[in-house]
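Student: Okay, here's the structure, questions in a sec.
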Amino acid sequence: MIEFRDHTVYRGPNIWARMPSLRFTVDIGELEERPTNKIPGFYERITELIPSLYEHRCSVGKPGGFLQRMREGTWMGHVLEHVALELQNLTGAEVSRGKTRSTKEKGVYNVVFEYQQEDVGIAAAELSRRLLNHLIYDLEPGFDFQQELEQTVIRIAERLAYGPSTGAIVSEA
């Protein structure tokens, strides 16, 4: 099961990135031995729920690059990074930077990704963790991803968003 051990909020340039970032210490447990290409149906289920993951270039450097990495086999920390970024993008944010690095402990990763609104980024990470656990282990029967996305991540983003006038001024600045 994927679990968060802790997280850190970086509100400016930091050791991981030049932009505000979140770092989650993620324990993927037995999934260290099961990359994405070893989990039957995982690729199909996640791309059905979040087809916009196609836009993620990843290290391949072109649209579809991240999906290629999932087909070839990548680890759940890396998947969590991309899903958390994409859930933020689905709220209207424009974020794309992230990295996942192993730690000295087997199965434990530092997952770092950019955010525009701190609370939205944290909610996106938590929903990403729940979604991945659901797709792999079916831990939450009746889990409705779209409803959860709308009631958590999108609702928080809407609450924190600038109004139309202020938003126009900020985007011009």
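Naming scheme: A, B, ... for chains in displayed order of the structure tokens; residues 1 onward per chain; ligands 1 onward as shown.
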Neighbours of Gly73 in chain A within 6 Å (only C-alpha atoms; same-chain residues fewer than 4 positions away dropped), as a ChimeraX atom specification?
Tutor: /A:35-37,69
Student: Please give the complete set of residues from range 7-98 of chain A that DSSP, run on the backbone, assigns to strand (DSSP E), formatted as a PyMOL selection string.
Tutor: chain A and resi 7-10+21-27+98
Student: Save out the residues we just selected, C-alpha atoms, as a PDB file, in the first residue's frame.
Tutor:
```pdb
ATOM      1  CA  HIS A   7       5.691  16.149   3.599  1.00  0.00           C
ATOM      2  CA  THR A   8       7.476  19.476   3.352  1.00  0.00           C
ATOM      3  CA  VAL A   9       6.266  22.684   1.738  1.00  0.00           C
ATOM      4  CA  TYR A  10       8.855  24.796  -0.089  1.00  0.00           C
ATOM      5  CA  SER A  21       7.347  22.702  -4.487  1.00  0.00           C
ATOM      6  CA  LEU A  22       5.970  20.012  -2.236  1.00  0.00           C
ATOM      7  CA  ARG A  23       8.086  17.055  -1.148  1.00  0.00           C
ATOM      8  CA  PHE A  24       6.379  13.910   0.079  1.00  0.00           C
ATOM      9  CA  THR A  25       8.261  11.000   1.605  1.00  0.00           C
ATOM     10  CA  VAL A  26       6.371   8.098   0.058  1.00  0.00           C
ATOM     11  CA  ASP A  27       6.573   4.463   1.119  1.00  0.00           C
ATOM     12  CA  GLY A  98       8.423  17.158 -10.677  1.00  0.00           C
TER      13      GLY A  98
END
```
Student: Can you pull out the residues contacting Leu127 in chain A? Cut-off 10 Å, using only C-alpha atoms, and skip same-chain residues under 4 positions away; I want them as an MDAnalysis selection string.
Tutor: chainID A and resid 80 83:84 87 121:123 131:133 145 148:149 152:153
Student: Using only C-alpha atoms for the distances, tell me which of A:Arg97, A:Arg45, A:Arg5, A:Arg129 is nearest to Val79 in chain A.
Tutor: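 Checking each candidate against Val79 in chain A, we get A:Arg129 as the closest.
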Student: CA of Trp75 in chain A and CA of Ile2 in chain A are how many Å apart?
Tutor: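 Computing the Euclidean distance for CA of Trp75 in chain A and CA of Ile2 in chain A yields 11.1 Å.
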Student: Which one is closest to Tyr43 in chain A: A:Gly77, A:Ser128, A:Thr100, A:Leu135? Count only C-alpha atoms.
Tutor: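 Looking only at the distances to Tyr43 in chain A, the closest residue turns out to be A:Leu135.
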Student: For a test of reading the model, state the distance in Å between CA of Glu33 in chain A and CA of His82 in chain A, rounded to one decimal.
Tutor: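 Taking CA of Glu33 in chain A and CA of His82 in chain A, their separation equals 20.0 Å.
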